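Below is data12.txt, which holds compact mmCIF, C-alpha atoms and all ligand atoms.
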```
# COMPACT_ATOMS: atom_id res chain seq x y z
CA MET A 286 0.00 0.00 0.00
CA ILE A 287 1.30 3.49 -0.94
CA ASN A 288 -0.05 5.95 1.60
CA ILE A 289 -0.39 9.52 0.47
CA ALA A 290 -1.73 12.75 1.96
CA ILE A 291 -3.38 15.80 0.46
CA LEU A 292 -2.81 19.35 1.71
CA GLY A 293 -5.88 21.44 0.85
CA TYR A 294 -9.17 19.76 -0.03
CA GLY A 295 -10.54 22.41 -2.37
CA VAL A 296 -11.31 22.22 -6.09
CA VAL A 297 -8.16 20.34 -7.13
CA GLY A 298 -7.55 18.54 -3.82
CA GLY A 299 -11.09 17.15 -3.94
CA GLY A 300 -10.48 16.05 -7.52
CA ILE A 301 -7.50 13.94 -6.44
CA THR A 302 -9.60 11.51 -4.39
CA GLU A 303 -12.12 11.40 -7.23
CA VAL A 304 -9.43 10.51 -9.80
CA ILE A 305 -7.93 7.85 -7.52
CA ASP A 306 -11.36 6.30 -6.91
CA ARG A 307 -12.26 6.38 -10.59
CA ASN A 308 -8.95 4.91 -11.84
CA ARG A 309 -8.15 2.71 -8.87
CA GLU A 310 -7.57 -0.55 -10.75
CA LYS A 311 -5.57 1.03 -13.56
CA LEU A 312 -3.39 2.92 -11.07
CA SER A 313 -2.74 -0.20 -8.98
CA ALA A 314 -1.72 -2.09 -12.09
CA PHE A 315 0.65 0.71 -13.15
CA VAL A 316 2.17 1.31 -9.72
CA GLY A 317 2.18 -2.35 -8.68
CA ASP A 318 0.49 -1.42 -5.41
CA ASP A 319 -2.66 0.31 -4.17
CA ILE A 320 -2.66 4.07 -3.57
CA ASN A 321 -4.43 5.03 -0.36
CA VAL A 322 -5.28 8.61 0.62
CA LYS A 323 -4.56 8.28 4.32
CA LYS A 324 -4.88 11.88 5.52
CA ILE A 325 -6.19 15.17 4.21
CA LEU A 326 -5.18 18.49 5.77
CA ASP A 327 -7.75 21.26 5.66
CA LEU A 328 -9.10 23.91 8.00
CA ARG A 329 -12.63 22.72 7.22
CA ASP A 330 -14.46 19.47 7.98
CA PHE A 331 -16.15 17.46 5.23
CA PRO A 332 -18.78 15.39 7.05
CA ASP A 333 -20.56 14.42 3.81
CA SER A 334 -17.44 13.22 2.02
CA PRO A 335 -16.47 9.52 1.99
CA TYR A 336 -13.04 10.86 2.97
CA GLY A 337 -14.43 12.97 5.83
CA ASP A 338 -12.88 10.72 8.50
CA ARG A 339 -9.40 11.26 7.08
CA VAL A 340 -9.45 15.03 7.44
CA VAL A 341 -6.96 16.43 9.94
CA HIS A 342 -6.34 20.03 10.99
CA ASP A 343 -2.74 19.78 12.15
CA ILE A 344 0.18 19.30 9.74
CA ASN A 345 2.03 17.32 12.44
CA GLU A 346 -0.42 14.46 11.93
CA ILE A 347 1.01 14.06 8.43
CA LEU A 348 4.59 15.06 9.24
CA ASN A 349 4.85 12.42 11.95
CA ASP A 350 3.06 9.67 10.08
CA ASP A 351 5.89 7.52 8.74
CA GLU A 352 3.50 5.47 6.61
CA ILE A 353 2.79 8.50 4.40
CA THR A 354 5.46 8.68 1.71
CA ILE A 355 3.98 11.11 -0.85
CA VAL A 356 2.16 14.37 -0.16
CA CYS A 357 0.10 16.33 -2.71
CA GLU A 358 0.06 20.05 -2.08
CA THR A 359 -2.99 21.81 -3.50
CA MET A 360 -3.21 24.66 -1.01
CA GLY A 361 -1.97 27.48 -3.23
CA GLY A 362 0.00 30.51 -2.08
CA VAL A 363 3.53 30.60 -0.72
CA ASN A 364 2.88 30.25 2.98
CA PRO A 365 2.29 27.98 4.78
CA ALA A 366 2.71 25.69 1.75
CA PHE A 367 6.45 26.45 1.55
CA ASP A 368 7.19 25.70 5.21
CA PHE A 369 5.04 22.55 5.10
CA SER A 370 6.76 21.31 1.93
CA LEU A 371 10.27 21.78 3.36
CA ALA A 372 9.30 20.10 6.63
CA LEU A 373 7.67 17.16 4.82
CA MET A 374 10.65 16.61 2.51
CA ASN A 375 13.01 16.85 5.48
CA LYS A 376 10.97 13.97 6.91
CA GLY A 377 11.69 11.93 3.77
CA LYS A 378 8.36 12.43 1.99
CA SER A 379 8.13 13.25 -1.72
CA MET A 380 5.92 16.12 -2.82
CA VAL A 381 3.67 16.76 -5.80
CA THR A 382 2.38 20.30 -6.20
CA ALA A 383 -0.11 22.18 -8.35
CA ASN A 384 1.11 25.44 -6.80
CA LYS A 385 2.79 27.48 -9.55
CA GLU A 386 3.29 30.52 -7.34
CA LEU A 387 5.26 28.41 -4.90
CA VAL A 388 7.37 26.68 -7.56
CA ALA A 389 8.12 29.98 -9.33
CA LYS A 390 9.01 31.84 -6.14
CA LYS A 391 10.68 29.10 -4.09
CA GLY A 392 11.68 26.48 -6.66
CA LEU A 393 15.40 26.79 -5.87
CA GLU A 394 14.98 26.01 -2.18
CA LEU A 395 12.39 23.29 -2.82
CA THR A 396 14.29 21.38 -5.51
CA GLU A 397 17.47 21.67 -3.41
CA CYS A 398 15.63 20.33 -0.34
CA ALA A 399 14.33 17.38 -2.39
CA ARG A 400 17.87 16.65 -3.63
CA GLU A 401 19.36 16.80 -0.13
CA ASN A 402 16.72 14.39 1.20
CA GLY A 403 16.77 12.02 -1.77
CA VAL A 404 13.04 12.59 -2.37
CA PHE A 405 11.08 14.04 -5.32
CA TYR A 406 9.57 17.46 -5.75
CA PHE A 407 7.24 17.15 -8.75
CA PHE A 408 5.14 19.95 -10.24
CA GLU A 409 3.62 18.76 -13.52
CA PRO A 410 0.14 20.07 -12.54
CA SER A 411 1.52 23.56 -11.84
CA VAL A 412 1.75 24.41 -15.56
CA GLY A 413 -0.84 23.55 -18.19
CA GLY A 414 -3.27 21.70 -15.90
CA GLY A 415 -3.68 18.24 -17.40
CA ILE A 416 -1.01 18.64 -20.11
CA PRO A 417 2.11 16.50 -19.55
CA GLU A 418 4.52 19.05 -21.05
CA ILE A 419 6.97 19.12 -18.14
CA ARG A 420 7.56 15.38 -18.28
CA GLY A 421 7.74 15.66 -22.08
CA MET A 422 10.41 18.36 -21.85
CA ARG A 423 12.37 16.54 -19.15
CA THR A 424 12.31 13.09 -20.72
CA SER A 425 11.35 12.98 -24.40
CA LEU A 426 13.26 16.17 -25.25
CA ALA A 427 16.06 15.52 -22.75
CA GLY A 428 18.65 15.09 -25.49
CA ASP A 429 17.83 18.31 -27.30
CA THR A 430 18.31 22.00 -26.50
CA ILE A 431 15.15 24.02 -26.13
CA THR A 432 15.47 27.41 -27.80
CA GLU A 433 11.90 28.71 -27.93
CA ILE A 434 8.80 28.34 -25.78
CA ASP A 435 5.47 29.99 -26.58
CA GLY A 436 2.53 29.14 -24.41
CA ILE A 437 -1.10 29.88 -23.92
CA LEU A 438 -0.62 29.22 -20.24
CA ASN A 439 -3.74 30.57 -18.62
CA GLY A 440 -7.10 28.92 -19.16
CA THR A 441 -9.16 31.77 -17.69
CA THR A 442 -7.83 34.42 -20.06
CA ASN A 443 -7.99 32.11 -23.06
CA TYR A 444 -11.61 31.33 -22.21
CA ILE A 445 -12.32 35.08 -21.93
CA LEU A 446 -10.53 35.91 -25.21
CA THR A 447 -12.40 33.12 -27.01
CA ARG A 448 -15.77 34.42 -25.82
CA MET A 449 -14.79 37.98 -26.76
CA LYS A 450 -13.89 36.77 -30.25
CA ARG A 451 -17.00 34.64 -30.75
CA GLU A 452 -19.58 36.88 -29.09
CA GLY A 453 -18.07 40.38 -29.24
CA VAL A 454 -18.58 40.78 -25.46
CA ASP A 455 -16.26 42.63 -23.06
CA PHE A 456 -14.05 40.83 -20.64
CA THR A 457 -15.76 41.61 -17.32
CA SER A 458 -18.89 39.55 -17.96
CA THR A 459 -16.91 36.53 -19.18
CA LEU A 460 -14.57 36.64 -16.17
CA LYS A 461 -17.55 35.88 -13.92
CA ASP A 462 -18.28 32.74 -15.98
CA ALA A 463 -14.64 31.65 -15.75
CA GLN A 464 -14.86 32.00 -11.96
CA ARG A 465 -18.09 30.01 -11.84
CA LEU A 466 -16.46 27.23 -13.88
CA GLY A 467 -13.57 27.01 -11.39
CA TYR A 468 -10.88 28.16 -13.83
CA ALA A 469 -9.93 31.48 -12.25
CA GLU A 470 -7.54 32.01 -9.35
CA ALA A 471 -8.96 33.03 -5.97
CA ASN A 472 -7.84 36.54 -6.89
CA PRO A 473 -8.49 36.67 -10.65
CA SER A 474 -6.01 39.52 -11.03
CA ALA A 475 -3.38 36.75 -11.14
CA ASP A 476 -5.08 35.49 -14.32
CA VAL A 477 -6.02 38.68 -16.14
CA ASP A 478 -2.92 40.67 -15.21
CA GLY A 479 -0.69 37.88 -16.49
CA LEU A 480 0.96 36.86 -13.18
CA ASP A 481 -0.22 33.26 -13.43
CA ALA A 482 1.23 32.96 -16.95
CA GLN A 483 4.38 34.73 -15.76
CA ARG A 484 4.94 32.09 -13.07
CA LYS A 485 4.29 29.32 -15.57
CA ILE A 486 6.76 30.61 -18.17
CA MET A 487 9.35 30.95 -15.36
CA ILE A 488 8.82 27.29 -14.48
CA LEU A 489 8.99 26.11 -18.10
CA THR A 490 12.15 28.15 -18.67
CA ALA A 491 13.72 26.62 -15.57
CA VAL A 492 12.84 23.14 -16.85
CA ALA A 493 14.42 24.03 -20.21
CA THR A 494 17.55 25.79 -18.96
CA GLY A 495 18.09 24.86 -15.31
CA TYR A 496 17.93 28.58 -14.44
CA LEU A 497 15.08 29.91 -12.35
CA VAL A 498 14.75 33.63 -13.01
CA LYS A 499 13.16 36.18 -10.70
CA GLU A 500 9.56 37.31 -11.26
CA ASN A 501 10.74 40.90 -11.76
CA ASP A 502 12.87 39.78 -14.70
CA VAL A 503 9.83 38.66 -16.70
CA TYR A 504 7.96 41.49 -18.41
CA CYS A 505 4.26 41.03 -17.75
CA GLU A 506 1.40 42.98 -19.31
CA THR A 507 -2.26 42.84 -18.34
CA MET A 508 -4.98 41.80 -20.80
CA THR A 509 -7.62 43.89 -19.06
CA LYS A 510 -7.18 46.78 -21.50
CA LEU A 511 -8.20 44.66 -24.49
CA THR A 512 -11.48 45.77 -26.03
CA PRO A 513 -13.87 44.22 -28.58
CA ALA A 514 -12.32 46.67 -31.11
CA ASP A 515 -8.90 45.00 -30.61
CA ILE A 516 -10.34 41.51 -31.03
CA ASP A 517 -12.16 42.64 -34.18
CA ALA A 518 -8.97 44.19 -35.60
CA ALA A 519 -7.08 40.92 -35.06
CA LYS A 520 -9.81 39.03 -36.91
CA ARG A 521 -9.65 41.46 -39.87
CA TRP A 522 -5.86 41.13 -39.85
CA GLY A 523 -6.22 37.34 -40.13
CA GLY A 524 -5.66 35.99 -36.65
CA ALA A 525 -6.61 36.33 -33.00
CA VAL A 526 -5.45 38.01 -29.81
CA LYS A 527 -3.81 35.58 -27.40
CA LEU A 528 -2.10 36.09 -24.06
CA LEU A 529 1.29 34.46 -24.65
CA GLY A 530 4.07 33.54 -22.29
CA SER A 531 7.24 33.32 -24.33
CA ALA A 532 10.91 32.49 -23.91
CA ARG A 533 13.69 32.87 -26.47
CA ILE A 534 16.74 31.04 -25.19
CA THR A 535 20.35 31.34 -26.37
CA ASP A 536 23.68 30.38 -24.82
CA GLU A 537 24.07 33.97 -23.62
CA GLY A 538 20.69 34.38 -21.97
CA CYS A 539 17.05 34.68 -22.76
CA ALA A 540 14.15 36.98 -23.56
CA LEU A 541 11.10 36.34 -21.39
CA TYR A 542 7.72 38.02 -21.48
CA VAL A 543 3.97 37.66 -20.99
CA ALA A 544 1.68 39.94 -22.99
CA PRO A 545 -1.32 39.93 -25.33
CA PHE A 546 -0.23 39.36 -28.93
CA PHE A 547 -1.82 39.35 -32.35
CA VAL A 548 -1.12 35.81 -33.58
CA PRO A 549 -1.70 34.90 -37.24
CA GLU A 550 -3.88 31.97 -38.27
CA SER A 551 -0.74 30.29 -39.61
CA PHE A 552 0.57 30.02 -36.02
CA PRO A 553 -0.85 26.91 -34.35
CA LEU A 554 -1.55 28.62 -31.02
CA SER A 555 -4.14 30.85 -32.74
CA PHE A 556 -6.57 27.91 -32.84
CA VAL A 557 -6.30 27.09 -29.14
CA GLU A 558 -9.62 28.16 -27.67
CA ASP A 559 -11.71 28.12 -24.49
CA VAL A 560 -9.97 26.81 -21.37
CA TYR A 561 -7.44 24.92 -23.45
CA ASN A 562 -3.75 25.67 -23.08
CA ALA A 563 -0.95 24.86 -25.49
CA ILE A 564 2.79 24.96 -25.21
CA ARG A 565 4.90 25.13 -28.36
CA ILE A 566 8.50 24.11 -27.87
CA VAL A 567 11.22 24.56 -30.48
CA SER A 568 14.54 22.78 -30.39
CA PRO A 569 17.15 22.53 -33.13
CA VAL A 570 16.96 18.78 -33.69
CA THR A 571 13.31 17.99 -33.01
CA GLY A 572 11.94 21.22 -34.49
CA ASP A 573 8.45 22.28 -33.38
CA VAL A 574 6.54 20.25 -30.80
CA MET A 575 3.18 21.30 -29.40
CA PHE A 576 1.53 20.11 -26.19
CA TYR A 577 -2.20 20.79 -26.01
CA GLY A 578 -4.94 20.14 -23.49
CA ARG A 579 -7.11 21.47 -20.70
CA GLY A 580 -5.08 24.04 -18.81
CA ALA A 581 -7.33 24.52 -15.80
CA GLY A 582 -10.19 22.93 -13.92
CA ARG A 583 -10.67 20.35 -11.21
CA MET A 584 -10.29 17.03 -12.99
CA PRO A 585 -7.49 17.77 -15.53
CA THR A 586 -5.32 19.31 -12.81
CA ALA A 587 -6.12 16.57 -10.30
CA GLY A 588 -5.33 14.03 -13.02
CA ALA A 589 -1.88 15.57 -13.44
CA VAL A 590 -1.31 15.37 -9.67
CA VAL A 591 -2.20 11.68 -9.67
CA GLU A 592 0.09 11.02 -12.66
CA ASP A 593 3.02 12.53 -10.75
CA VAL A 594 2.10 10.44 -7.70
CA ALA A 595 1.96 7.34 -9.88
CA SER A 596 5.32 8.17 -11.42
CA ILE A 597 6.95 8.40 -7.97
CA ALA A 598 5.10 5.41 -6.51
CA SER A 599 5.89 3.17 -9.49
CA GLY A 600 9.62 3.92 -9.38
CA LEU A 601 9.53 5.54 -12.81
CA ALA A 602 10.55 8.88 -11.29
CA ALA A 603 13.74 7.35 -9.94
CA LYS A 604 14.96 7.02 -13.51
CA GLU A 605 14.34 10.69 -14.34
CA LYS A 606 17.13 13.17 -13.91
CA ARG A 607 16.48 15.29 -10.83
CA CYS A 608 15.72 19.00 -11.31
CA GLU A 609 18.84 20.88 -10.29
CA TRP A 610 17.96 24.51 -10.67
CA LYS A 611 20.28 27.44 -10.14
CA ALA A 612 19.50 31.12 -9.76
CA ALA A 613 19.86 32.79 -13.15
CA PRO A 614 23.03 34.90 -13.28
CA GLU A 615 22.73 38.69 -13.29
CA GLY A 616 21.82 39.91 -16.78
CA TYR A 617 20.63 36.47 -17.95
CA VAL A 618 17.25 37.90 -18.96
CA LYS A 619 17.59 40.48 -21.72
CA PRO A 620 15.96 43.85 -20.86
CA PHE A 621 12.48 43.77 -22.37
CA GLU A 622 13.01 47.13 -24.11
CA GLU A 623 15.68 45.54 -26.33
CA ASN A 624 13.33 42.96 -27.88
CA LEU A 625 12.12 43.52 -31.42
CA PHE A 626 8.43 43.31 -32.27
CA SER A 627 5.94 44.44 -34.90
CA TYR A 628 3.02 46.37 -33.45
CA TYR A 629 -0.66 46.82 -34.23
CA VAL A 630 -1.58 50.46 -33.59
CA ARG A 631 -5.05 52.07 -33.61
CA VAL A 632 -5.15 55.83 -33.79
CA LYS A 633 -8.12 58.17 -33.38
CA ASN A 634 -7.79 60.44 -36.38
CA ASP A 635 -9.93 61.02 -39.48
CA SER A 636 -7.05 61.61 -41.86
CA GLU A 637 -5.60 58.36 -43.09
CA SER A 638 -2.84 60.00 -45.12
CA GLU A 639 -1.76 62.20 -42.21
CA VAL A 640 -1.58 59.21 -39.84
CA LEU A 641 0.25 56.89 -42.20
CA GLU A 642 2.77 59.55 -43.20
CA ALA A 643 3.54 60.42 -39.58
CA ALA A 644 3.58 56.73 -38.61
CA GLU A 645 6.22 55.96 -41.25
CA LEU A 646 8.39 58.77 -39.95
CA ALA A 647 8.04 57.45 -36.39
CA PHE A 648 8.16 53.67 -36.94
CA GLY A 649 9.70 53.10 -40.37
CA LYS A 650 7.59 51.08 -42.79
CA VAL A 651 3.96 50.51 -41.74
CA GLU A 652 1.04 48.74 -43.39
CA LYS A 653 -2.53 50.01 -43.17
CA LEU A 654 -5.13 47.59 -41.77
CA CYS A 655 -8.32 47.77 -43.82
CA GLY A 656 -11.80 48.09 -42.30
CA ALA A 657 -10.92 50.37 -39.33
CA PRO A 658 -13.90 51.84 -37.45
CA ALA A 659 -15.03 55.30 -38.61
CA GLY A 660 -12.74 58.04 -37.28
CA TYR A 661 -9.83 55.65 -36.74
CA VAL A 662 -6.76 54.52 -38.66
CA GLU A 663 -5.09 51.20 -37.94
CA PHE A 664 -1.67 50.04 -39.05
CA ILE A 665 0.91 47.31 -38.44
CA THR A 666 4.55 48.32 -38.11
CA ASP A 667 7.66 46.50 -39.22
CA LYS A 668 9.81 45.01 -36.46
CA ILE A 669 11.45 47.61 -34.27
CA ALA A 670 12.94 47.59 -30.77
CA GLU A 671 10.41 47.97 -27.95
CA LYS A 672 12.28 51.03 -26.66
CA ASP A 673 12.00 52.74 -30.06
CA ALA A 674 8.33 51.82 -30.35
CA ARG A 675 7.68 53.42 -26.97
CA ILE A 676 9.40 56.63 -28.10
CA ALA A 677 7.39 56.63 -31.35
CA ILE A 678 4.10 56.14 -29.51
CA ALA A 679 4.88 58.72 -26.83
CA GLY A 680 5.71 61.22 -29.61
CA GLY A 681 2.04 61.07 -30.62
CA ALA A 682 2.77 62.68 -34.00
CA PHE A 683 0.04 60.69 -35.71
CA GLY A 684 -2.88 61.32 -33.33
CA THR A 685 -4.34 59.88 -30.15
CA VAL A 686 -3.17 56.28 -29.80
CA GLU A 687 -6.04 54.14 -28.55
CA SER A 688 -4.43 50.72 -28.70
CA VAL A 689 -1.02 49.12 -29.19
CA ILE A 690 -0.66 45.33 -29.32
CA ARG A 691 2.47 43.40 -30.24
CA VAL A 692 2.35 41.06 -33.21
CA HIS A 693 3.79 37.57 -32.93
N1 LIG F 1 -6.30 30.08 -13.01
C1 LIG F 1 -5.48 29.17 -13.75
C2 LIG F 1 -5.87 29.25 -15.20
C3 LIG F 1 -5.66 27.79 -13.20
O1 LIG F 1 -6.91 29.85 -15.50
O2 LIG F 1 -5.16 28.75 -16.05
C4 LIG F 1 -4.70 26.78 -13.72
O3 LIG F 1 -3.38 27.09 -13.36
```
Please express what this file holds, its structure, as structure tokens.
Ligand code: HSE
Amino acid sequence: MINIAILGYGVVGGGITEVIDRNREKLSAFVGDDINVKKILDLRDFPDSPYGDRVVHDINEILNDDEITIVCETMGGVNPAFDFSLALMNKGKSMVTANKELVAKKGLELTECARENGVFYFFEPSVGGGIPEIRGMRTSLAGDTITEIDGILNGTTNYILTRMKREGVDFTSTLKDAQRLGYAEANPSADVDGLDAQRKIMILTAVATGYLVKENDVYCETMTKLTPADIDAAKRWGGAVKLLGSARITDEGCALYVAPFFVPESFPLSFVEDVYNAIRIVSPVTGDVMFYGRGAGRMPTAGAVVEDVASIASGLAAKEKRCEWKAAPEGYVKPFEENLFSYYVRVKNDSESEVLEAAELAFGKVEKLCGAPAGYVEFITDKIAEKDARIAIAGGAFGTVESVIRVH
């Protein structure tokens, strides 16, 4: 019998017992033993749950239970999850976490603690919900060098952007639906302001490079300013607006950012809709690989937790190379202002010729986007450095700028 514990019996934590019950026979066959949820830590009681009698309110009940060998952390937040995780690994227990904030902020200490104790610290569910991209990167692509990552890493915002595109609605009303469906974070600012995607691209970059960067090093732009007019412009241009988390990795360092982008229909991420996430990985030998699936929600995320548990319990994990992350050296992440992008720009001005003439002086070559709303001119610039684009926009020589969105 493999005894496990769950910390936090909320949406995902509750899903873990459901997945184990549903797949019990298959899991036992894979692991070679039964998986038993022995204790569940939560502040609340669950008298109506079949697991109600296993709920404890004191972490020491799990810490001091030598029969428990694997602990699933689905509490969220840094503390007390961080202290609990260190204490549990110091007691020789492996951890599986869905907590991206914790992995992004404390991944160095946690992976080091796992190494010192000869246990595992696994975090597949922390990025991409039910998508097994972390294991794919760490095992299937282990012999290649990852040079590019582009991800739709947040289910809530992708759901909102899809509804805005299909129904022409604004984002506030759709956010409420995303919350009702259990996709959004407790504080949905983490979703819509890009912080959730920021943490996820930090984790993926650390898996790819071994360097965990600091949150402040990753440029992060909110999607709350996007309007139906932006979504419509992207459609006329021949694509969609997507919140991307991206990494461009070289031997010298990397560019890292999270922001809304115009993505063309020719780019596979443009077709990823609703709560689905996708992670496109590029490496020189393998070329493009795309992982796709449900990026949020109770069962997909709980399923990923159980897969990590099964990997540890079956002994498969013991064959994987341990994560040995280091802090990224100073200057590893290129200043965001130095990155080159094309930009979509919408300007409030009746005179098309005046705008386009002034825009070419400010940006270099630009291309008009047809079908702009009355009283507006829209154009797409050639690639220029972010810092130069900011100067051009601040100059305001072509009228009142209503919207600027980078083009992938
Ligand atoms: N709030 C997150 C999302 C949950 O919408 O993607 C999964 O990490």
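Between atom CA of A:Leu528 and atom CA of A:Arg465 there is a distance of 21.0 Å.
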Taking all atoms listed in the file and a cut-off of 6 Å, can you tell me which residues surround ligand LIG 1 (chain F), written as a compact mmCIF listing (two decimals) with C-alpha atoms, in the coordinates of the input?
```
# COMPACT_ATOMS: atom_id res chain seq x y z
CA GLY A 414 -3.27 21.70 -15.90
CA ASN A 439 -3.74 30.57 -18.62
CA GLY A 440 -7.10 28.92 -19.16
CA THR A 441 -9.16 31.77 -17.69
CA TYR A 468 -10.88 28.16 -13.83
CA ALA A 469 -9.93 31.48 -12.25
CA GLU A 470 -7.54 32.01 -9.35
CA ASP A 476 -5.08 35.49 -14.32
CA GLY A 580 -5.08 24.04 -18.81
CA ALA A 581 -7.33 24.52 -15.80
```
Which one of A:Ser551, A:Asn634, A:Thr509, A:Asn321 sits closest to A:Gly681 if you count all atoms listed in the file?
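Nearest candidate to A:Gly681 out of A:Ser551, A:Asn634, A:Thr509, A:Asn321: A:Asn634.
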In Å, rounded to a single decimal, give me how far atom CA of A:Gly413 is from atom CA of A:Glu558.
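Those two atoms sit 13.7 Å apart.
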So how far away is atom CA of A:Ile486 from atom CA of A:Asp515, in Å?
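Pair atom CA of A:Asp515 / atom CA of A:Ile486 returns 24.6 Å.
Counting all atoms listed in the file, A:Glu397 has the following residues at most 10 Å away, ignoring those fewer than 3 positions along the same chain: Leu371, Gly392, Leu393, Glu394, Arg400, Glu401, Asn402, Gly403, Tyr406, Arg607, Cys608, Glu609, Trp610 and Lys611 of chain A.
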